[in-house]
file model_39.cif (mmCIF, C-alpha atoms and all ligand atoms)
data_work
loop_
_atom_site.label_atom_id
_atom_site.label_comp_id
_atom_site.auth_asym_id
_atom_site.auth_seq_id
_atom_site.Cartn_x
_atom_site.Cartn_y
_atom_site.Cartn_z
CA MET A 3 121.49 105.16 83.64
CA SER A 4 118.82 102.57 84.22
CA PHE A 5 117.39 101.09 87.42
CA ILE A 6 115.03 98.24 88.26
CA THR A 7 111.45 99.49 88.33
CA ASP A 8 109.47 96.30 87.76
CA ILE A 9 109.91 95.02 91.28
CA LYS A 10 109.01 91.54 92.49
CA THR A 11 111.03 91.41 95.71
CA PHE A 12 110.95 94.16 98.32
CA ALA A 13 113.57 94.34 101.09
CA ALA A 14 112.73 96.06 104.38
CA LEU A 15 115.45 96.89 106.91
CA GLY A 16 114.07 97.91 110.28
CA SER A 17 110.62 96.59 111.11
CA GLY A 18 109.26 98.96 113.74
CA VAL A 19 106.24 101.21 113.23
CA ILE A 20 107.30 102.38 109.76
CA GLY A 21 109.18 99.32 108.50
CA SER A 22 106.19 97.10 109.32
CA GLY A 23 103.94 99.57 107.49
CA TRP A 24 106.10 99.23 104.36
CA VAL A 25 106.06 95.44 104.67
CA ALA A 26 102.25 95.45 104.94
CA ARG A 27 101.92 97.73 101.87
CA ALA A 28 104.35 95.63 99.80
CA LEU A 29 102.67 92.33 100.76
CA ALA A 30 99.22 93.77 99.97
CA HIS A 31 100.54 94.69 96.52
CA GLY A 32 101.44 91.05 95.87
CA LEU A 33 105.21 91.28 96.34
CA ASP A 34 107.64 88.93 98.03
CA VAL A 35 109.10 90.69 101.05
CA ILE A 36 112.37 90.00 102.84
CA ALA A 37 112.81 91.73 106.20
CA TRP A 38 115.64 92.20 108.66
CA ASP A 39 115.68 93.85 112.08
CA PRO A 40 118.35 93.27 114.76
CA ALA A 41 116.03 93.47 117.78
CA PRO A 42 115.22 90.26 119.68
CA GLY A 43 111.62 89.21 118.96
CA ALA A 44 111.42 91.51 115.93
CA GLU A 45 109.98 88.87 113.58
CA GLN A 46 107.11 88.04 115.93
CA ALA A 47 106.34 91.72 116.52
CA LEU A 48 106.39 92.38 112.76
CA ARG A 49 104.02 89.51 111.97
CA LYS A 50 101.66 90.73 114.72
CA ARG A 51 101.60 94.28 113.30
CA ILE A 52 100.91 92.99 109.81
CA ALA A 53 98.03 90.85 111.07
CA ASN A 54 96.55 93.93 112.75
CA ALA A 55 96.81 95.94 109.49
CA TRP A 56 95.54 93.16 107.22
CA PRO A 57 91.74 93.67 107.71
CA ALA A 58 92.09 97.27 106.48
CA LEU A 59 94.19 96.14 103.53
CA GLU A 60 91.61 93.45 102.66
CA LYS A 61 88.87 96.11 102.74
CA GLN A 62 90.95 98.30 100.45
CA GLY A 63 91.56 95.38 98.09
CA LEU A 64 94.54 93.05 97.88
CA ALA A 65 96.53 92.46 94.68
CA PRO A 66 96.24 88.97 93.16
CA GLY A 67 98.45 86.55 95.09
CA ALA A 68 98.94 88.92 98.03
CA ALA A 69 99.60 86.98 101.23
CA GLN A 70 101.13 87.55 104.64
CA GLU A 71 103.00 84.25 104.14
CA ARG A 72 105.11 85.86 101.40
CA LEU A 73 107.15 87.57 104.12
CA LYS A 74 110.52 85.99 104.87
CA PHE A 75 112.46 87.24 107.89
CA VAL A 76 116.25 86.81 107.63
CA ALA A 77 119.20 87.07 109.98
CA THR A 78 121.60 89.35 108.07
CA ILE A 79 121.59 92.57 106.07
CA GLU A 80 123.23 90.78 103.13
CA GLU A 81 120.53 88.06 102.95
CA CYS A 82 117.90 90.75 103.14
CA VAL A 83 119.10 92.86 100.21
CA ARG A 84 121.07 90.47 97.95
CA ASP A 85 118.15 89.42 95.72
CA ALA A 86 115.92 92.44 96.25
CA ASP A 87 114.67 94.59 93.37
CA PHE A 88 113.99 97.48 95.72
CA ILE A 89 115.17 98.28 99.24
CA GLN A 90 113.56 100.44 101.92
CA GLU A 91 115.42 101.28 105.12
CA SER A 92 113.37 102.22 108.20
CA ALA A 93 115.99 102.13 110.95
CA PRO A 94 116.16 104.52 113.93
CA GLU A 95 116.57 108.20 113.11
CA ARG A 96 120.31 108.50 113.84
CA LEU A 97 122.80 109.79 111.31
CA ASP A 98 125.69 107.56 112.47
CA LEU A 99 123.51 104.45 112.39
CA LYS A 100 122.08 105.17 108.93
CA LEU A 101 125.53 106.04 107.54
CA ASP A 102 126.95 102.70 108.65
CA LEU A 103 123.85 100.73 107.64
CA HIS A 104 123.74 102.18 104.12
CA ALA A 105 127.41 101.41 103.53
CA LYS A 106 126.54 97.74 104.24
CA ILE A 107 123.20 97.66 102.41
CA SER A 108 124.53 99.25 99.22
CA ALA A 109 127.64 97.07 99.12
CA ALA A 110 125.50 93.92 99.18
CA ALA A 111 122.61 95.05 96.94
CA LYS A 112 122.26 94.73 93.17
CA PRO A 113 123.87 97.88 91.70
CA ASP A 114 120.70 98.87 89.85
CA ALA A 115 118.27 98.34 92.74
CA ILE A 116 116.88 101.62 94.09
CA ILE A 117 117.48 102.18 97.80
CA GLY A 118 115.00 104.33 99.72
CA SER A 119 115.27 105.62 103.27
CA SER A 120 112.22 106.42 105.41
CA THR A 121 114.05 109.18 107.29
CA SER A 122 111.78 111.96 108.51
CA GLY A 123 114.25 114.72 107.82
CA LEU A 124 117.93 113.71 107.75
CA LEU A 125 119.82 114.71 104.62
CA PRO A 126 120.51 111.99 102.04
CA SER A 127 123.82 113.61 100.99
CA GLU A 128 125.00 112.97 104.55
CA PHE A 129 123.77 109.46 105.36
CA TYR A 130 124.49 108.03 101.89
CA GLU A 131 128.05 109.43 102.02
CA SER A 132 129.66 105.96 102.21
CA ALA A 133 127.19 104.17 99.92
CA THR A 134 128.24 102.08 96.93
CA HIS A 135 126.50 103.44 93.80
CA PRO A 136 125.00 106.44 95.60
CA GLU A 137 123.38 107.48 92.32
CA ARG A 138 120.50 105.02 93.07
CA CYS A 139 119.94 106.23 96.66
CA VAL A 140 116.94 108.38 97.62
CA VAL A 141 114.78 109.32 100.56
CA GLY A 142 111.25 107.90 100.38
CA HIS A 143 109.61 109.53 103.39
CA PRO A 144 106.23 107.94 104.15
CA PHE A 145 103.42 108.78 106.58
CA ASN A 146 102.03 106.61 109.31
CA PRO A 147 100.19 104.29 108.62
CA VAL A 148 102.38 103.62 105.61
CA TYR A 149 100.02 100.92 104.29
CA LEU A 150 97.12 103.40 103.93
CA LEU A 151 98.44 106.94 103.53
CA PRO A 152 99.49 107.64 99.95
CA LEU A 153 102.03 110.44 100.38
CA VAL A 154 105.73 109.65 99.98
CA GLU A 155 108.26 112.49 99.76
CA ILE A 156 111.15 111.65 97.43
CA VAL A 157 114.39 113.51 98.04
CA GLY A 158 117.68 113.07 96.24
CA GLY A 159 121.16 113.79 97.58
CA LYS A 160 124.11 115.33 95.78
CA HIS A 161 124.98 112.03 94.06
CA THR A 162 121.44 110.89 93.21
CA ALA A 163 120.82 110.47 89.48
CA PRO A 164 117.72 112.17 88.04
CA GLU A 165 116.81 108.75 86.58
CA ALA A 166 116.78 107.31 90.13
CA ILE A 167 114.20 109.90 91.19
CA GLU A 168 112.05 108.89 88.21
CA ALA A 169 112.54 105.19 89.01
CA ALA A 170 111.58 105.77 92.66
CA LYS A 171 108.47 107.68 91.56
CA SER A 172 107.45 104.80 89.34
CA ILE A 173 108.05 102.17 92.06
CA TYR A 174 106.16 104.06 94.77
CA THR A 175 103.30 104.76 92.34
CA ALA A 176 103.09 101.05 91.56
CA LEU A 177 102.77 100.51 95.32
CA GLY A 178 99.67 102.75 95.27
CA MET A 179 101.38 105.88 96.62
CA ARG A 180 101.35 109.54 95.65
CA PRO A 181 105.02 110.61 95.29
CA LEU A 182 105.99 114.22 95.90
CA HIS A 183 109.47 115.13 94.66
CA VAL A 184 111.10 117.54 97.12
CA ARG A 185 113.34 119.38 94.67
CA LYS A 186 115.64 121.01 97.25
CA GLU A 187 117.44 118.93 99.87
CA VAL A 188 116.40 120.64 103.12
CA PRO A 189 116.12 119.19 106.66
CA GLY A 190 112.55 118.07 107.46
CA PHE A 191 111.62 118.20 103.75
CA ILE A 192 108.17 119.76 103.16
CA ALA A 193 105.63 117.90 105.26
CA ASP A 194 107.59 117.47 108.49
CA ARG A 195 108.63 121.09 108.43
CA LEU A 196 104.93 121.96 108.52
CA LEU A 197 104.00 119.24 111.02
CA GLU A 198 106.82 120.20 113.33
CA ALA A 199 105.66 123.83 113.47
CA LEU A 200 102.21 122.63 114.54
CA TRP A 201 103.65 120.13 117.03
CA ARG A 202 105.89 122.76 118.60
CA GLU A 203 102.96 125.13 119.09
CA ALA A 204 100.83 122.31 120.53
CA LEU A 205 103.54 121.62 123.13
CA HIS A 206 103.70 125.32 124.01
CA LEU A 207 99.92 125.32 124.55
CA VAL A 208 100.22 122.40 126.99
CA ASN A 209 103.29 123.90 128.67
CA ASP A 210 101.51 127.23 129.19
CA GLY A 211 98.43 125.50 130.63
CA VAL A 212 96.24 126.91 127.84
CA ALA A 213 94.72 123.57 126.84
CA SER A 214 94.93 119.84 127.48
CA THR A 215 96.22 117.41 124.86
CA GLY A 216 92.61 116.32 124.22
CA GLU A 217 91.40 119.88 123.72
CA ILE A 218 94.21 120.60 121.28
CA ASP A 219 93.37 117.43 119.34
CA ASP A 220 89.70 118.54 119.26
CA ALA A 221 90.80 121.87 117.81
CA ILE A 222 92.32 119.98 114.89
CA ARG A 223 89.95 117.07 114.32
CA PHE A 224 86.68 119.05 114.25
CA GLY A 225 88.08 121.92 112.18
CA ALA A 226 91.11 122.20 109.95
CA GLY A 227 91.79 118.45 110.09
CA LEU A 228 88.56 117.68 108.23
CA ARG A 229 89.30 120.04 105.35
CA TRP A 230 93.00 119.13 105.17
CA SER A 231 92.08 115.67 103.87
CA PHE A 232 91.12 117.14 100.53
CA MET A 233 92.32 120.77 100.39
CA GLY A 234 95.62 122.22 101.56
CA THR A 235 96.22 125.50 103.36
CA PHE A 236 96.80 127.63 100.26
CA LEU A 237 93.54 126.74 98.48
CA THR A 238 91.62 126.78 101.78
CA TYR A 239 92.78 130.33 102.44
CA THR A 240 91.98 131.35 98.86
CA LEU A 241 88.37 130.49 99.70
CA ALA A 242 88.70 132.35 103.02
CA GLY A 243 89.31 135.51 100.96
CA GLY A 244 85.79 135.21 99.48
CA ASP A 245 85.25 136.31 95.88
CA ALA A 246 88.26 138.61 96.16
CA GLY A 247 90.39 135.50 96.79
CA MET A 248 93.97 135.29 97.97
CA ARG A 249 94.94 138.96 97.45
CA HIS A 250 92.16 140.05 99.81
CA PHE A 251 93.02 137.26 102.25
CA MET A 252 96.67 138.40 102.34
CA SER A 253 95.75 142.02 103.00
CA GLN A 254 93.21 141.15 105.69
CA PHE A 255 95.04 138.41 107.58
CA GLY A 256 98.66 138.98 106.52
CA PRO A 257 99.39 141.58 109.22
CA ALA A 258 98.38 139.11 111.95
CA LEU A 259 101.43 137.04 111.04
CA LYS A 260 103.48 139.72 112.78
CA LEU A 261 101.46 139.43 115.99
CA PRO A 262 103.10 137.18 118.55
CA TRP A 263 100.60 134.31 118.20
CA THR A 264 103.22 131.65 117.82
CA TYR A 265 106.58 130.81 119.37
CA LEU A 266 109.21 129.58 116.93
CA PRO A 267 111.71 128.00 119.35
CA ALA A 268 110.69 124.64 120.81
CA PRO A 269 109.68 124.55 124.48
CA GLU A 270 112.10 122.99 126.97
CA LEU A 271 111.10 119.32 127.32
CA THR A 272 110.91 119.41 131.12
CA ASP A 273 109.77 116.35 133.09
CA LYS A 274 106.53 118.19 133.84
CA LEU A 275 105.79 118.86 130.17
CA ILE A 276 106.55 115.25 129.24
CA ASP A 277 104.32 114.00 132.09
CA ASP A 278 101.50 116.35 131.06
CA VAL A 279 101.65 115.11 127.47
CA VAL A 280 101.90 111.44 128.47
CA ASP A 281 99.11 111.70 131.08
CA GLY A 282 96.89 113.70 128.71
CA THR A 283 97.25 111.22 125.88
CA SER A 284 96.77 108.22 128.24
CA GLU A 285 93.46 109.75 129.28
CA GLN A 286 92.51 110.17 125.60
CA LEU A 287 93.48 106.55 124.94
CA GLY A 288 91.31 105.36 127.85
CA GLU A 289 90.85 101.58 127.99
CA ARG A 290 91.76 101.08 124.31
CA SER A 291 94.94 99.24 123.35
CA ILE A 292 97.32 100.72 120.75
CA ALA A 293 96.28 97.93 118.34
CA ALA A 294 92.57 98.77 118.83
CA LEU A 295 93.24 102.47 118.27
CA GLU A 296 95.17 101.58 115.09
CA ARG A 297 92.19 99.56 113.80
CA TYR A 298 89.84 102.49 114.54
CA ARG A 299 92.26 104.85 112.75
CA ASP A 300 92.53 102.49 109.76
CA ASP A 301 88.74 102.08 109.39
CA THR A 302 88.18 105.81 109.62
CA LEU A 303 91.01 106.59 107.21
CA LEU A 304 89.56 104.13 104.69
CA ALA A 305 86.18 105.87 104.98
CA VAL A 306 87.79 109.29 104.49
CA LEU A 307 89.88 108.07 101.53
CA ASP A 308 86.76 106.60 99.91
CA ALA A 309 84.74 109.75 100.49
CA VAL A 310 87.49 111.95 99.03
CA LYS A 311 87.93 109.61 96.04
CA ASN A 312 84.17 109.56 95.29
CA SER A 313 83.75 113.28 95.68
CA LYS A 314 86.74 114.04 93.43
CA ALA A 315 85.36 111.64 90.79
CA LYS A 316 82.05 113.59 90.81
CA HIS A 317 84.06 116.71 90.07
CA GLY A 318 85.99 115.04 87.25
CA MET A 319 89.17 114.66 89.28
CA ALA A 320 91.41 111.64 89.87
CA PHE A 321 92.37 110.78 93.47
CA GLY A 322 95.95 112.00 92.91
CA ASP A 323 94.80 115.44 91.58
N1 LIG B 401 107.17 106.89 113.45
C1 LIG B 401 106.79 107.76 112.52
O1 LIG B 401 105.73 108.41 112.63
C2 LIG B 401 107.62 107.96 111.29
C3 LIG B 401 108.96 107.59 111.24
N2 LIG B 401 109.66 107.74 110.06
C4 LIG B 401 111.07 107.34 109.98
O2 LIG B 401 111.13 105.93 109.88
C5 LIG B 401 112.34 105.45 110.47
C6 LIG B 401 111.99 104.40 111.51
O3 LIG B 401 111.18 105.00 112.50
P1 LIG B 401 110.12 104.14 113.35
O4 LIG B 401 109.64 102.99 112.58
O5 LIG B 401 109.16 105.12 113.90
O6 LIG B 401 111.05 103.64 114.53
P2 LIG B 401 110.84 102.35 115.47
O7 LIG B 401 111.60 102.62 116.69
O8 LIG B 401 109.40 102.00 115.56
O9 LIG B 401 111.54 101.20 114.62
C7 LIG B 401 112.92 101.17 114.35
C8 LIG B 401 113.31 99.74 114.13
O10 LIG B 401 114.67 99.71 113.72
C9 LIG B 401 115.30 98.62 114.37
N3 LIG B 401 116.74 98.84 114.40
C10 LIG B 401 117.54 99.16 115.44
N4 LIG B 401 118.83 99.26 115.04
C11 LIG B 401 118.82 98.98 113.71
C12 LIG B 401 119.82 98.91 112.73
N5 LIG B 401 121.10 99.15 113.00
N6 LIG B 401 119.44 98.60 111.45
C13 LIG B 401 118.15 98.37 111.15
N7 LIG B 401 117.16 98.43 112.03
C14 LIG B 401 117.49 98.73 113.30
C15 LIG B 401 114.67 98.55 115.74
O11 LIG B 401 114.83 97.25 116.29
C16 LIG B 401 113.22 98.88 115.41
O12 LIG B 401 112.45 97.73 115.13
C17 LIG B 401 113.06 106.66 111.03
O13 LIG B 401 114.02 107.10 110.11
C18 LIG B 401 111.93 107.69 111.17
O14 LIG B 401 112.37 109.02 111.07
C19 LIG B 401 109.07 108.22 108.92
C20 LIG B 401 107.76 108.59 108.93
C21 LIG B 401 106.94 108.55 110.12
C1 LIG B 402 106.99 112.53 113.96
N1 LIG B 402 107.56 112.26 112.63
C2 LIG B 402 108.46 113.36 112.32
C3 LIG B 402 108.30 111.00 112.70
C4 LIG B 402 106.40 112.19 111.71
C5 LIG B 402 106.67 111.87 110.28
O1 LIG B 402 107.78 111.79 109.80
C6 LIG B 402 105.51 111.72 109.37
C7 LIG B 402 104.18 111.33 109.95
O2 LIG B 402 103.74 110.21 109.74
O3 LIG B 402 103.58 112.17 110.61
#
call {"tool": "encode", "arguments": {"input": "model_39.cif", "output": "structure tokens", "more": "lines below"}}
Ligand SMILES: NC(=O)C1=CN([C@@H]2O[C@H](COP(=O)(O)OP(=O)(O)OC[C@H]3O[C@@H](n4cnc5c(N)ncnc54)[C@H](O)[C@@H]3O)[C@@H](O)[C@H]2O)C=CC1
Ligand SMILES: C[N+](C)(C)CC(=O)CC(=O)[O-]
result
Amino acid sequence: MSFITDIKTFAALGSGVIGSGWVARALAHGLDVIAWDPAPGAEQALRKRIANAWPALEKQGLAPGAAQERLKFVATIEECVRDADFIQESAPERLDLKLDLHAKISAAAKPDAIIGSSTSGLLPSEFYESATHPERCVVGHPFNPVYLLPLVEIVGGKHTAPEAIEAAKSIYTALGMRPLHVRKEVPGFIADRLLEALWREALHLVNDGVASTGEIDDAIRFGAGLRWSFMGTFLTYTLAGGDAGMRHFMSQFGPALKLPWTYLPAPELTDKLIDDVVDGTSEQLGERSIAALERYRDDTLLAVLDAVKNSKAKHGMAFGD
């Protein structure tokens, strides 16, 4: 079974936070992009988001011929996907909506064009159920901002061909990403399962009046957050075991896992909890606009990515190692 991997035209369906991130990444890699989104004013909002991301992409380095003008916004799903070599759906996270949308996308697309969905955790076997040629359908779960963060989780459903996983890996790699094949189809995949556990505990801390949203963010950004950019939890904790390594770490800190430090069930999202989280984060945002905070995030991410890349090179490692 063979699929298109040398892509020239990228189709994006849904152009909100994540769809616009894909469009920015694809344009920066010198592709033609066709986008569709049913919301009124979507084209204008998309072009504005891309303009806000562009300075970071210029700093990172644009591919020859890359230009914001190579984005065409169209009025129908069919126009969007008909001539595309690769398709990425970033529509709202609703099973019924994605099921219906993918039936339409796949019926109109070239049969050998890979279709990726940005879903954060829905199961591809479910939302590709009515797709034409489901063997080319995958999840390609990105991280915000999609145009800078390299990780993309690739997940196949029960009909996905192994060759489609390989084709998706090759396409996302060509877009400058670091694919991670999630071999078992589980809700939330790998990364969101971890992020959700952290998020749930953070909400409990606010709900119990232990800490403000700003204090909880400080607990991440001045500690574990810094080391997470280059070393994951397993290797970090190997070092925490000293020369005796992970076996010592497990015997020393393993028993604490049974202490009731964490709550597994999510807290009730009461009006008070929602207000506390919204008020806390508004205070953290201060006078800055969302666009200004995004530019600060992008600049800082570029600096971190550069630092990690340079340091790995000194240790004989490639960025993707
Ligand atoms: N926001 C995030 O941090 C992340 C979100 N995702 C996933 O990306 C997908 C999109 O999420 P966001 O961009 O955050 O949402 P969003 O709400 O920012 O954007 C969704 C866009 O889809 C459009 N839309 C509405 N109905 C549609 C339809 N029938 N077909 C196509 N588009 C439609 C909306 O007009 C809107 O522009 C979801 O599956 C989500 O789980 C993945 C990674 C991170
Ligand atoms: C909150 N979220 C589940 C939509 C987050 C993601 O899917 C990934 C990210 O960018 O954190």
call {"tool": "residues_near_ligand", "arguments": {"input": "model_39.cif", "ligand": "ligand LIG 401 (chain B)", "cutoff": "6 Å", "atoms": "only C-alpha atoms and all ligand atoms", "output": "PyMOL selection string"}}
result
chain A and resi 15-21+39-41+92-95+99+120-122+143-146
call {"tool": "residues_around", "arguments": {"input": "model_39.cif", "residues": "Leu237 (chain A)", "least_positions_apart": "5", "cutoff": "12 Å", "atoms": "all atoms listed in the file", "output": "PDB file with C-alpha atoms, keeping the file's coordinate frame"}}
result
ATOM      1  CA  ARG A 229      89.300 120.040 105.350  1.00  0.00           C
ATOM      2  CA  TRP A 230      93.000 119.130 105.170  1.00  0.00           C
ATOM      3  CA  PHE A 232      91.120 117.140 100.530  1.00  0.00           C
ATOM      4  CA  ALA A 242      88.700 132.350 103.020  1.00  0.00           C
ATOM      5  CA  GLY A 243      89.310 135.510 100.960  1.00  0.00           C
ATOM      6  CA  GLY A 244      85.790 135.210  99.480  1.00  0.00           C
ATOM      7  CA  GLY A 247      90.390 135.500  96.790  1.00  0.00           C
ATOM      8  CA  MET A 248      93.970 135.290  97.970  1.00  0.00           C
ATOM      9  CA  PHE A 251      93.020 137.260 102.250  1.00  0.00           C
TER      10      PHE A 251
END
call {"tool": "closest_residue", "arguments": {"input": "model_39.cif", "among": "A:Phe129, A:Trp38, A:Trp201, A:Tyr239", "to": "ligand LIG 402 (chain B)", "atoms": "only C-alpha atoms and all ligand atoms"}}
result
A:Trp201
call {"tool": "closest_residue", "arguments": {"input": "model_39.cif", "among": "A:Ile6, A:Val154, A:Val83, A:Leu241", "to": "Trp24 (chain A)", "atoms": "all atoms listed in the file"}}
result
A:Val154
call {"tool": "atom_distance", "arguments": {"input": "model_39.cif", "atom1": "CA of Glu270 (chain A)", "atom2": "CA of Leu207 (chain A)"}}
result
12.6 Å
call {"tool": "atom_distance", "arguments": {"input": "model_39.cif", "atom1": "CA of His250 (chain A)", "atom2": "CA of Thr235 (chain A)"}}
result
15.5 Å
call {"tool": "atom_distance", "arguments": {"input": "model_39.cif", "atom1": "CA of Gly32 (chain A)", "atom2": "CA of Ala65 (chain A)"}}
result
5.2 Å
call {"tool": "residues_around", "arguments": {"input": "model_39.cif", "residues": "Arg138 (chain A)", "least_positions_apart": "4", "cutoff": "7 Å", "atoms": "only C-alpha atoms", "output": "number ranges by chain"}}
result
A: 114, 116-117, 162-163, 166
call {"tool": "write_last_selection", "arguments": {"input": "model_39.cif", "atoms": "C-alpha atoms", "output": "CSV table (one decimal), in the coordinates of the input"}}
result
chain,number,residue,atom,x,y,z
A,114,ASP,CA,120.7,98.9,89.8
A,116,ILE,CA,116.9,101.6,94.1
A,117,ILE,CA,117.5,102.2,97.8
A,162,THR,CA,121.4,110.9,93.2
A,163,ALA,CA,120.8,110.5,89.5
A,166,ALA,CA,116.8,107.3,90.1
call {"tool": "residues_around", "arguments": {"input": "model_39.cif", "residues": "region 66-77 of chain A", "least_positions_apart": "3", "cutoff": "6 Å", "atoms": "only C-alpha atoms", "output": "ChimeraX atom specification"}}
result
/A:29-30,32,34-38
call {"tool": "closest_residue", "arguments": {"input": "model_39.cif", "among": "A:Arg195, A:Arg290, A:Lys160, A:His104", "to": "ligand LIG 402 (chain B)", "atoms": "only C-alpha atoms and all ligand atoms"}}
result
A:Arg195
call {"tool": "closest_residue", "arguments": {"input": "model_39.cif", "among": "A:Val279, A:Leu151, A:Ala13, A:Leu228", "to": "ligand LIG 402 (chain B)", "atoms": "all atoms listed in the file"}}
result
A:Leu151
call {"tool": "residues_near_point", "arguments": {"input": "model_39.cif", "point": "(122.6, 112.2, 95.7)", "cutoff": "9 Å", "atoms": "all atoms listed in the file", "output": "number ranges by chain"}}
result
A: 126-127, 130-131, 136-140, 157-163
call {"tool": "closest_residue", "arguments": {"input": "model_39.cif", "among": "A:Thr215, A:Leu101, A:Tyr174, A:Val306", "to": "Asp281 (chain A)", "atoms": "all atoms listed in the file"}}
result
A:Thr215
call {"tool": "closest_residue", "arguments": {"input": "model_39.cif", "among": "A:Glu155, A:Asp278, A:Asp194, A:Glu45", "to": "ligand LIG 402 (chain B)", "atoms": "only C-alpha atoms and all ligand atoms"}}
result
A:Asp194
call {"tool": "axis_aligned_box", "arguments": {"input": "model_39.cif", "around": "region 107-115 of chain A", "padding_each_side": "4 Å", "output": "AutoDock Vina command-line options"}}
result
--center_x 123.0 --center_y 96.6 --center_z 96.1 --size_x 17.4 --size_y 13.3 --size_z 20.6
call {"tool": "residues_around", "arguments": {"input": "model_39.cif", "residues": "Trp56 (chain A)", "least_positions_apart": "3", "cutoff": "9 Å", "atoms": "only C-alpha atoms", "output": "list in words"}}
result
Ala26, Ala30, Arg51, Ile52, Ala53, Leu59, Glu60, Lys61 and Gln70 of chain A
call {"tool": "residues_around", "arguments": {"input": "model_39.cif", "residues": "Glu296 (chain A)", "least_positions_apart": "2", "cutoff": "12 Å", "atoms": "only C-alpha atoms", "output": "PyMOL selection string"}}
result
chain A and resi 19+23+51-58+146-147+149-150+287+290-294+298-303
call {"tool": "decode", "arguments": {"input": "model_39.cif", "residues": "region 226-239 of chain A", "atoms": "N, CA, C and O atoms", "output": "tab-separated table (two decimals), in the first residue's frame"}}
result
chain	number	residue	atom	x	y	z
A	226	ALA	N	10.61	21.60	38.03
A	226	ALA	CA	10.55	20.49	37.07
A	226	ALA	C	10.42	20.96	35.63
A	226	ALA	O	10.97	20.33	34.72
A	227	GLY	N	9.73	22.08	35.41
A	227	GLY	CA	9.52	22.56	34.04
A	227	GLY	C	10.84	22.80	33.33
A	227	GLY	O	10.98	22.50	32.13
A	228	LEU	N	11.83	23.33	34.05
A	228	LEU	CA	13.12	23.61	33.41
A	228	LEU	C	13.79	22.31	32.96
A	228	LEU	O	14.29	22.21	31.86
A	229	ARG	N	13.77	21.29	33.82
A	229	ARG	CA	14.48	20.07	33.42
A	229	ARG	C	13.66	19.24	32.43
A	229	ARG	O	14.23	18.49	31.64
A	230	TRP	N	12.34	19.40	32.42
A	230	TRP	CA	11.53	18.62	31.47
A	230	TRP	C	11.84	18.97	30.01
A	230	TRP	O	11.50	18.20	29.13
A	231	SER	N	12.44	20.13	29.76
A	231	SER	CA	12.67	20.49	28.35
A	231	SER	C	13.77	19.64	27.73
A	231	SER	O	13.94	19.65	26.53
A	232	PHE	N	14.53	18.93	28.55
A	232	PHE	CA	15.57	18.11	27.94
A	232	PHE	C	15.68	16.71	28.56
A	232	PHE	O	16.39	15.85	28.03
A	233	MET	N	14.98	16.46	29.68
A	233	MET	CA	15.08	15.14	30.31
A	233	MET	C	13.72	14.77	30.91
A	233	MET	O	13.15	15.55	31.66
A	234	GLY	N	13.22	13.62	30.56
A	234	GLY	CA	11.90	13.22	31.06
A	234	GLY	C	11.96	12.70	32.49
A	234	GLY	O	13.03	12.64	33.12
A	235	THR	N	10.81	12.32	33.01
A	235	THR	CA	10.70	11.92	34.42
A	235	THR	C	11.54	10.68	34.74
A	235	THR	O	12.15	10.61	35.81
A	236	PHE	N	11.59	9.71	33.84
A	236	PHE	CA	12.29	8.47	34.17
A	236	PHE	C	13.80	8.69	34.32
A	236	PHE	O	14.42	8.24	35.29
A	237	LEU	N	14.40	9.44	33.37
A	237	LEU	CA	15.86	9.67	33.50
A	237	LEU	C	16.15	10.63	34.64
A	237	LEU	O	17.14	10.47	35.36
A	238	THR	N	15.26	11.62	34.84
A	238	THR	CA	15.45	12.57	35.94
A	238	THR	C	15.49	11.81	37.27
A	238	THR	O	16.35	12.07	38.12
A	239	TYR	N	14.56	10.88	37.44
A	239	TYR	CA	14.50	10.15	38.70
A	239	TYR	C	15.62	9.11	38.82
A	239	TYR	O	15.99	8.71	39.92
